[in-house]
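Reading through the structure tokens given below for one structure.
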Amino acid sequence: MMALWRNQKIRGWIYQLLVLLLVAFCIAVLANNTLENMRIRGIQSGFGFLWQPAGFDISESLFSFESTQSYWKAFLTGFGNTLRVAVLGIILTTLLGVLLGVGRFSRNVLIRGLCLTYVETFRNIPVLLQLLMWYLICVELLPDVMDAEPFLGMYLTKAGLALPWFGDMPVKAGFGINGGITVSPEFLALLLGLTLYTASYIAEIVRSGIASVPRGQHEAAMALGLSRAQTMRLIQLPQALRVIIPPLTNQYLNLTKNSSLAVAVGYPDLVSIANTSINQTGRAVECIALIMLIYLSLSLLTSVLMNAYNRHAAIKER
């Protein structure tokens, strides 16, 4: 027994098991006290409400939802809306952030200045204010449907952004637009705000990652006759990935969690659906627990995928 205790690895596992048991005990005590206090106050508890009719409509979703459907389908719809913003936001903010980060190394003074101005402007304004700003622009400054003119087959109006969809072109018809696919002003404001805000941080991550590559790598590439674009694409960026990916993962997680601010612009995301459910059922603990579980799962999934990519992109030492 003493021989096992002297083993540092086994001793470490024992310590971790004891901590895990202590955490589980604390959670069990907290949950028991919460349920007991709710019982004393006559507050209903449990997740049975998820199978009851929701009784409210959802303005937009990836798939149709009716008020007669259950709460769990309403939560699923809200999750789909959150996931749609998160995935599109991550793709767009990565493209924009990389362009801005690379632009900081441009020989053109104007381009460098514009990139620097963008970064310092958007990352120093709270994201909530930016969301409200874009929402007001979408619903107040854009033209009405009847006054809008098409641009590259698209209509940008107070009703949202109408886009062609698999050959189906949007056209004005009466007081609305038929055909294509329409993105609501709430979704558009949320996506713009999160993308432009997060891109300012990713730009700095990309800039610092490129700056960490030794100067000799750039000079060697130039000596081989590679252009500045080829040097950046083939030499500097691949080596900078090992520095870029870990903080980049944090920004992906922040963008996903910041999407919960969608309630400020009226977009029916997961948090918005949960708030409505709480008001109707009074199951605050259960709804908040579901929100926490879903966001935790999204964050862990993002971390797993990015860590796998980080291992793939890591420089292999001989």
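Each chain of the structure tokens is named A, B, ... in the order shown, its residues numbered from 1; ligands are numbered from 1 in display order.
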Near segment 101-113 of chain A, counting only C-alpha atoms, which residues have an atom at most 12 Å away, once you skip same-chain residues fewer than 2 positions from it, shown as a ChimeraX atom specification? /A:93-99,115-121,199-211,228-229,231-233,236-237,240,244
Which of segment 19-249 of chain A fall in strand (DSSP E), as a ChimeraX atom specification: /A:155-157,160-163,171-173,176-178,181-183
Work out how far apart atom CA of Ile125 of chain A and atom CA of Thr256 of chain A are and give it in Å to one decimal.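 According to the coordinates, atom CA of Ile125 of chain A and atom CA of Thr256 of chain A are separated by 18.4 Å.
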If we count only C-alpha atoms, what is near Gly179 of chain A at a cut-off of 10 Å, once residues fewer than 5 positions away on the same chain are taken out, given as a PyMOL selection string? chain A and resi 162-165+167-173
Now that the selection is made, can you save its residues with N, CA and C atoms as a PDB file, in the first residue's frame?
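So part-v9.pdb came out as:
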ATOM      1  N   ALA A 162     -32.564  40.483 -48.660  1.00  0.00           N
ATOM      2  CA  ALA A 162     -33.122  39.450 -49.538  1.00  0.00           C
ATOM      3  C   ALA A 162     -32.044  39.004 -50.523  1.00  0.00           C
ATOM      4  N   LEU A 163     -31.748  37.697 -50.550  1.00  0.00           N
ATOM      5  CA  LEU A 163     -30.665  37.152 -51.361  1.00  0.00           C
ATOM      6  C   LEU A 163     -31.195  36.109 -52.327  1.00  0.00           C
ATOM      7  N   PRO A 164     -30.530  35.958 -53.486  1.00  0.00           N
ATOM      8  CA  PRO A 164     -30.887  34.843 -54.385  1.00  0.00           C
ATOM      9  C   PRO A 164     -30.605  33.515 -53.688  1.00  0.00           C
ATOM     10  N   TRP A 165     -31.438  32.499 -53.997  1.00  0.00           N
ATOM     11  CA  TRP A 165     -31.258  31.205 -53.345  1.00  0.00           C
ATOM     12  C   TRP A 165     -31.502  30.097 -54.366  1.00  0.00           C
ATOM     13  N   GLY A 167     -30.898  29.900 -57.560  1.00  0.00           N
ATOM     14  CA  GLY A 167     -31.497  30.366 -58.791  1.00  0.00           C
ATOM     15  C   GLY A 167     -32.810  31.092 -58.620  1.00  0.00           C
ATOM     16  N   ASP A 168     -33.351  31.123 -57.408  1.00  0.00           N
ATOM     17  CA  ASP A 168     -34.607  31.822 -57.140  1.00  0.00           C
ATOM     18  C   ASP A 168     -34.285  33.262 -56.770  1.00  0.00           C
ATOM     19  N   MET A 169     -34.583  34.204 -57.666  1.00  0.00           N
ATOM     20  CA  MET A 169     -34.221  35.596 -57.457  1.00  0.00           C
ATOM     21  C   MET A 169     -35.309  36.337 -56.683  1.00  0.00           C
ATOM     22  N   PRO A 170     -34.926  37.176 -55.723  1.00  0.00           N
ATOM     23  CA  PRO A 170     -35.930  37.981 -55.010  1.00  0.00           C
ATOM     24  C   PRO A 170     -36.463  39.106 -55.888  1.00  0.00           C
ATOM     25  N   VAL A 171     -37.766  39.332 -55.833  1.00  0.00           N
ATOM     26  CA  VAL A 171     -38.398  40.403 -56.607  1.00  0.00           C
ATOM     27  C   VAL A 171     -39.411  41.119 -55.729  1.00  0.00           C
ATOM     28  N   LYS A 172     -39.559  42.415 -55.947  1.00  0.00           N
ATOM     29  CA  LYS A 172     -40.554  43.180 -55.200  1.00  0.00           C
ATOM     30  C   LYS A 172     -41.952  42.806 -55.671  1.00  0.00           C
ATOM     31  N   ALA A 173     -42.841  42.617 -54.694  1.00  0.00           N
ATOM     32  CA  ALA A 173     -44.228  42.268 -55.008  1.00  0.00           C
ATOM     33  C   ALA A 173     -45.118  42.926 -53.960  1.00  0.00           C
TER      34      ALA A 173
END
Contacts of Leu128 of chain A within 12 Å, only C-alpha atoms, excl. fewer than 3 positions in-chain, as a VMD selection string: chain A and resid 122 to 125 131 to 135 189 to 190 192 to 194 197 258 to 265
Smallest atom-to-atom distance to Leu248 of chain A: which of A:Leu142, A:Gly216, A:Ile90, A:Val183, using only C-alpha atoms?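 Among A:Leu142, A:Gly216, A:Ile90, A:Val183, it is A:Ile90 that comes nearest to Leu248 of chain A.
As for atom CA of Gly78 of chain A and atom CA of Val271 of chain A, they are spaced 7.6 Å apart.
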Using DSSP on the backbone, list every residue of segment 256-289 of chain A that comes out as helix (DSSP H, G or I), and give them as a PyMOL selection string. chain A and resi 256-265+270-281+284-289
Rounded to one decimal place, report the atom CA of Asn178 of chain A-atom CA of Leu156 of chain A distance in Å.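 About the pair atom CA of Asn178 of chain A and atom CA of Leu156 of chain A: they are 13.5 Å apart.
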Within 8 Å of segment 295-303 of chain A, counting only C-alpha atoms, which residues show up once you throw out same-chain ones fewer than 4 positions away? Write them as a ChimeraX atom specification, please. /A:249,252-253,256-257,291,307
Please produce, as JSON lines, a per-residue contact table for segment 120-227 of chain A versus segment 43-66 of chain A (criterion: any atom at most 12 Å away, only C-alpha atoms considered), showing the nearest atom pair and its distance in Å to one decimal, sorted by chain then residue number.
{"residue": "A:Ile181", "atom": "CA", "partner": "A:Leu62", "partner_atom": "CA", "distance": 11.7}
{"residue": "A:Thr182", "atom": "CA", "partner": "A:Glu60", "partner_atom": "CA", "distance": 10.3}
{"residue": "A:Val183", "atom": "CA", "partner": "A:Glu60", "partner_atom": "CA", "distance": 9.2}
{"residue": "A:Ser184", "atom": "CA", "partner": "A:Glu60", "partner_atom": "CA", "distance": 8.1}
{"residue": "A:Pro185", "atom": "CA", "partner": "A:Glu60", "partner_atom": "CA", "distance": 11.2}
{"residue": "A:Glu186", "atom": "CA", "partner": "A:Glu60", "partner_atom": "CA", "distance": 9.9}
{"residue": "A:Phe187", "atom": "CA", "partner": "A:Glu60", "partner_atom": "CA", "distance": 9.3}
Please write the residues from the selection above to a file, keeping N, CA and C atoms, as a PDB file, in the first residue's frame.
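The file below, out-v2.pdb, is the result:
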ATOM      1  N   ILE A 181     -34.130  34.179 -50.471  1.00  0.00           N
ATOM      2  CA  ILE A 181     -34.116  33.961 -49.027  1.00  0.00           C
ATOM      3  C   ILE A 181     -33.885  35.310 -48.354  1.00  0.00           C
ATOM      4  N   THR A 182     -34.631  35.576 -47.302  1.00  0.00           N
ATOM      5  CA  THR A 182     -34.550  36.866 -46.623  1.00  0.00           C
ATOM      6  C   THR A 182     -33.962  36.703 -45.230  1.00  0.00           C
ATOM      7  N   VAL A 183     -32.966  37.505 -44.931  1.00  0.00           N
ATOM      8  CA  VAL A 183     -32.342  37.540 -43.608  1.00  0.00           C
ATOM      9  C   VAL A 183     -32.949  38.709 -42.846  1.00  0.00           C
ATOM     10  N   SER A 184     -33.451  38.459 -41.649  1.00  0.00           N
ATOM     11  CA  SER A 184     -34.128  39.498 -40.872  1.00  0.00           C
ATOM     12  C   SER A 184     -33.150  40.574 -40.433  1.00  0.00           C
ATOM     13  N   PRO A 185     -33.629  41.801 -40.176  1.00  0.00           N
ATOM     14  CA  PRO A 185     -32.732  42.855 -39.684  1.00  0.00           C
ATOM     15  C   PRO A 185     -32.128  42.510 -38.320  1.00  0.00           C
ATOM     16  N   GLU A 186     -32.851  41.749 -37.495  1.00  0.00           N
ATOM     17  CA  GLU A 186     -32.313  41.337 -36.188  1.00  0.00           C
ATOM     18  C   GLU A 186     -31.111  40.416 -36.358  1.00  0.00           C
ATOM     19  N   PHE A 187     -31.259  39.424 -37.249  1.00  0.00           N
ATOM     20  CA  PHE A 187     -30.144  38.512 -37.510  1.00  0.00           C
ATOM     21  C   PHE A 187     -28.974  39.256 -38.142  1.00  0.00           C
TER      22      PHE A 187
END
